[in-house]
>>> print(open('coords_30.csv').read())   # CSV, C-alpha atoms
chain,number,residue,atom,x,y,z
U,88,MET,CA,0.0,0.0,0.0
U,89,ARG,CA,2.8,2.5,0.9
U,90,GLU,CA,4.2,2.1,-2.6
U,91,LYS,CA,1.0,3.2,-4.2
U,92,THR,CA,0.9,6.3,-1.9
U,93,VAL,CA,4.4,7.2,-2.9
U,94,ARG,CA,3.8,6.8,-6.6
U,95,THR,CA,0.7,8.9,-6.4
U,96,ALA,CA,2.6,11.7,-4.7
U,97,LEU,CA,5.5,11.7,-7.2
U,98,PRO,CA,5.4,13.0,-10.8
U,99,ALA,CA,5.2,10.7,-13.8
U,100,ALA,CA,9.0,11.0,-14.4
U,101,LEU,CA,9.5,9.0,-11.2
U,102,LEU,CA,7.5,6.1,-12.3
U,103,CYS,CA,10.4,4.7,-14.2
U,104,GLY,CA,11.2,2.4,-11.2
U,105,ALA,CA,14.9,2.7,-10.5
U,106,PHE,CA,16.4,5.4,-12.5
U,107,ALA,CA,19.2,8.0,-12.6
U,108,LEU,CA,18.2,11.5,-11.7
U,109,VAL,CA,18.7,12.6,-15.3
U,110,ALA,CA,17.4,9.5,-16.9
U,111,CYS,CA,13.7,9.9,-17.8
U,112,GLY,CA,13.3,12.2,-20.8
U,113,GLU,CA,10.3,14.5,-21.1
U,114,ASP,CA,8.3,14.9,-24.4
U,115,GLY,CA,10.7,12.5,-26.2
U,116,GLY,CA,13.4,15.1,-26.0
U,117,GLY,CA,16.1,16.2,-23.5
U,118,SER,CA,16.4,15.0,-20.0
U,119,ASN,CA,14.2,15.8,-17.0
U,120,GLU,CA,16.6,16.4,-14.0
U,121,LEU,CA,14.7,15.3,-10.9
U,122,THR,CA,15.1,17.9,-8.3
U,123,GLY,CA,12.4,19.8,-6.4
U,124,ALA,CA,9.3,18.4,-4.8
U,125,ALA,CA,9.7,14.8,-6.0
U,126,VAL,CA,13.3,14.4,-4.7
U,127,ARG,CA,12.4,16.2,-1.4
U,128,ALA,CA,9.4,13.8,-0.9
U,129,ALA,CA,11.5,10.7,-1.6
U,130,ALA,CA,14.4,11.9,0.7
U,131,ALA,CA,11.9,12.7,3.5
U,132,GLN,CA,10.4,9.2,3.3
U,133,ALA,CA,13.7,7.4,3.1
U,134,GLY,CA,15.1,9.6,5.9
U,135,GLU,CA,12.2,8.8,8.1
U,136,ALA,CA,12.7,5.1,7.6
U,137,ALA,CA,16.5,5.5,8.4
U,138,PHE,CA,15.8,7.4,11.6
U,139,GLU,CA,13.2,4.7,12.6
U,140,ARG,CA,15.8,2.0,12.1
U,141,ALA,CA,18.3,4.0,14.1
U,142,GLY,CA,15.9,4.1,17.1
U,143,HIS,CA,14.8,7.7,16.7
U,144,PRO,CA,11.4,7.7,15.0
U,145,ILE,CA,10.3,11.1,13.5
U,146,ASP,CA,7.2,12.8,14.8
U,147,GLY,CA,5.3,13.8,11.7
U,148,ASN,CA,7.4,14.3,8.6
U,149,LEU,CA,10.9,15.5,7.7
U,150,ASP,CA,11.0,18.8,5.9
U,151,CYS,CA,13.6,18.6,3.1
U,152,ALA,CA,15.4,21.1,0.9
U,153,ASP,CA,17.5,20.4,-2.2
U,154,GLU,CA,20.4,22.2,-3.8
U,155,GLY,CA,22.1,21.4,-7.1
U,156,SER,CA,21.2,18.5,-9.3
U,157,GLY,CA,22.7,15.2,-10.6
U,158,GLU,CA,26.0,14.4,-9.1
U,159,ASN,CA,26.1,17.8,-7.4
U,160,LEU,CA,22.8,17.2,-5.5
U,161,ARG,CA,22.6,17.9,-1.8
U,162,LEU,CA,19.6,17.3,0.3
U,163,THR,CA,19.0,18.6,3.8
U,164,CYS,CA,16.0,17.4,5.9
U,165,ASP,CA,14.9,18.7,9.3
U,166,GLY,CA,12.4,17.4,11.8
U,167,LYS,CA,11.7,16.4,15.4
U,168,THR,CA,11.9,13.0,16.9
U,169,ARG,CA,8.9,11.6,18.9
U,170,ASP,CA,10.7,12.5,22.1
U,171,GLY,CA,11.1,16.2,20.9
U,172,GLN,CA,14.8,16.3,19.9
U,173,ASP,CA,15.9,18.1,16.7
U,174,ALA,CA,16.7,15.7,13.8
U,175,ARG,CA,18.7,16.6,10.7
U,176,LEU,CA,19.7,14.5,7.7
U,177,THR,CA,22.1,15.6,5.0
U,178,ALA,CA,22.6,13.6,1.8
U,179,GLU,CA,25.2,14.5,-0.8
U,180,ALA,CA,25.4,12.7,-4.1
U,181,ASP,CA,28.6,10.7,-4.4
U,182,ARG,CA,27.9,9.1,-7.8
U,183,ASN,CA,24.9,8.9,-10.2
U,184,PRO,CA,22.1,9.3,-7.7
U,185,GLU,CA,18.9,7.3,-8.2
U,186,ILE,CA,15.5,6.9,-6.6
U,187,ASP,CA,13.7,3.5,-6.5
U,188,THR,CA,10.0,3.4,-5.6
U,189,SER,CA,9.4,-0.2,-6.6
U,190,ASP,CA,9.5,-1.5,-2.9
U,191,GLY,CA,9.0,1.6,-0.8
U,192,VAL,CA,11.3,4.6,-1.2
U,193,LYS,CA,15.1,4.1,-1.5
U,194,ILE,CA,17.6,6.7,-2.6
U,195,GLU,CA,21.0,5.5,-3.8
U,196,GLY,CA,24.3,7.2,-4.7
U,197,PHE,CA,24.5,9.4,-1.6
U,198,ASP,CA,26.7,9.9,1.5
U,199,VAL,CA,24.2,10.3,4.3
U,200,VAL,CA,24.6,11.7,7.8
U,201,GLY,CA,21.8,12.0,10.3
U,202,THR,CA,21.9,13.7,13.7
U,203,VAL,CA,19.6,13.8,16.7
U,204,GLY,CA,20.2,16.5,19.3
U,205,GLY,CA,23.5,17.1,17.6
U,206,ASP,CA,24.7,13.5,18.0
U,207,GLN,CA,25.4,11.5,14.8
U,208,VAL,CA,23.1,8.5,14.6
U,209,ILE,CA,23.2,7.7,10.9
U,210,ASN,CA,26.3,7.5,8.7
U,211,GLN,CA,25.7,5.6,5.4
U,212,LYS,CA,27.3,5.6,2.1
U,213,GLY,CA,25.4,4.8,-1.0
U,214,CYS,CA,21.9,4.0,0.1
U,215,LEU,CA,19.1,5.3,2.3
U,216,GLY,CA,15.6,4.0,2.8
U,217,VAL,CA,13.7,0.7,2.5
U,218,GLY,CA,15.9,-2.2,1.5
U,219,CYS,CA,19.4,-0.6,2.2
>>> encode(input="coords_30.csv", output="structure tokens")
Amino acid sequence: MREKTVRTALPAALLCGAFALVACGEDGGGSNELTGAAVRAAAAQAGEAAFERAGHPIDGNLDCADEGSGENLRLTCDGKTRDGQDARLTAEADRNPEIDTSDGVKIEGFDVVGTVGGDQVINQKGCLGVGC
């Protein structure tokens, strides 16, 4: 069920399954770099799953911002844990970044650091989200 919710919330370009951020062309021409709302939504869901696995469930949703695109993409997500602590996740592309929505949300090709109350609780290279 969660997969359907994610796909509904993401634009058609994301429905390619696993794909590079510059992979899905638009109108049969050029590329459609995936930044903006779609990437922020995927990062928030993947980050929430990572904080949950680290023992720090997020209260509500992470609020994410993106800078750059492709291999220069940087995502920053902020939120609060259920026990009221500040949570922050940063993800910087380290290779061809991808988003996979086939089995939940997973973002790949990123170096990811997550902190709660200023203490590092997540440090992953390459993958964040469901199935990492």
>>> residues_near_point(input="coords_30.csv", point="(26.9, 14.7, -10.4)", cutoff="7 Å", atoms="all atoms listed in the file", output="compact mmCIF listing (two decimals) with C-alpha atoms, keeping the file's coordinate frame")
# COMPACT_ATOMS: atom_id res chain seq x y z
CA SER U 156 21.20 18.50 -9.30
CA GLY U 157 22.70 15.20 -10.60
CA GLU U 158 26.00 14.40 -9.10
CA ASN U 159 26.10 17.80 -7.40
CA LEU U 160 22.80 17.20 -5.50
CA ALA U 180 25.40 12.70 -4.10
CA ARG U 182 27.90 9.10 -7.80
CA ASN U 183 24.90 8.90 -10.20
>>> residues_around(input="coords_30.csv", residues="stretch 192-196 of chain U", least_positions_apart="6", cutoff="8 Å", atoms="all atoms listed in the file", output="list in words")
Glu90, Val93, Ala129, Ala130, Gln132, Ala133, Ala180, Asp181, Arg182, Asn183, Pro184, Glu185, Ile186, Lys212, Gly213, Cys214, Leu215, Gly216, Val217, Gly218 and Cys219 of chain U
>>> closest_residue(input="coords_30.csv", among="U:Thr168, U:Glu179, U:Ala125, U:Gln211", to="U:Glu139", atoms="all atoms listed in the file")
U:Thr168
>>> closest_residue(input="coords_30.csv", among="U:Thr177, U:Leu162, U:Glu135, U:Gly171", to="U:Gly204", atoms="only C-alpha atoms")
U:Gly171
>>> atom_distance(input="coords_30.csv", atom1="atom CA of U:Ala178", atom2="atom CA of U:Asp153")
9.4 Å
>>> atom_distance(input="coords_30.csv", atom1="atom CA of U:Asp187", atom2="atom CA of U:Asp206")
28.7 Å
>>> residues_around(input="coords_30.csv", residues="U:His143", least_positions_apart="3", cutoff="9 Å", atoms="all atoms listed in the file", output="list of chain:residue names")
U:Ala137, U:Phe138, U:Glu139, U:Arg140, U:Thr168, U:Arg169, U:Asp170, U:Ala174, U:Val203, U:Val208
>>> closest_residue(input="coords_30.csv", among="U:Ile209, U:Thr188, U:Arg161, U:Asp173", to="U:Gly142", atoms="only C-alpha atoms")
U:Ile209
>>> atom_distance(input="coords_30.csv", atom1="atom CA of U:Ala131", atom2="atom CA of U:Leu149")
5.1 Å
>>> closest_residue(input="coords_30.csv", among="U:Gly123, U:Ala136, U:Gln172, U:Ala141", to="U:Gly155", atoms="only C-alpha atoms")
U:Gly123
>>> closest_residue(input="coords_30.csv", among="U:Ser189, U:Ala124, U:Asn210, U:Val200", to="U:Glu154", atoms="only C-alpha atoms")
U:Ala124
>>> closest_residue(input="coords_30.csv", among="U:Phe197, U:Gly134, U:Gly205, U:Val126", to="U:Asn148", atoms="all atoms listed in the file")
U:Gly134
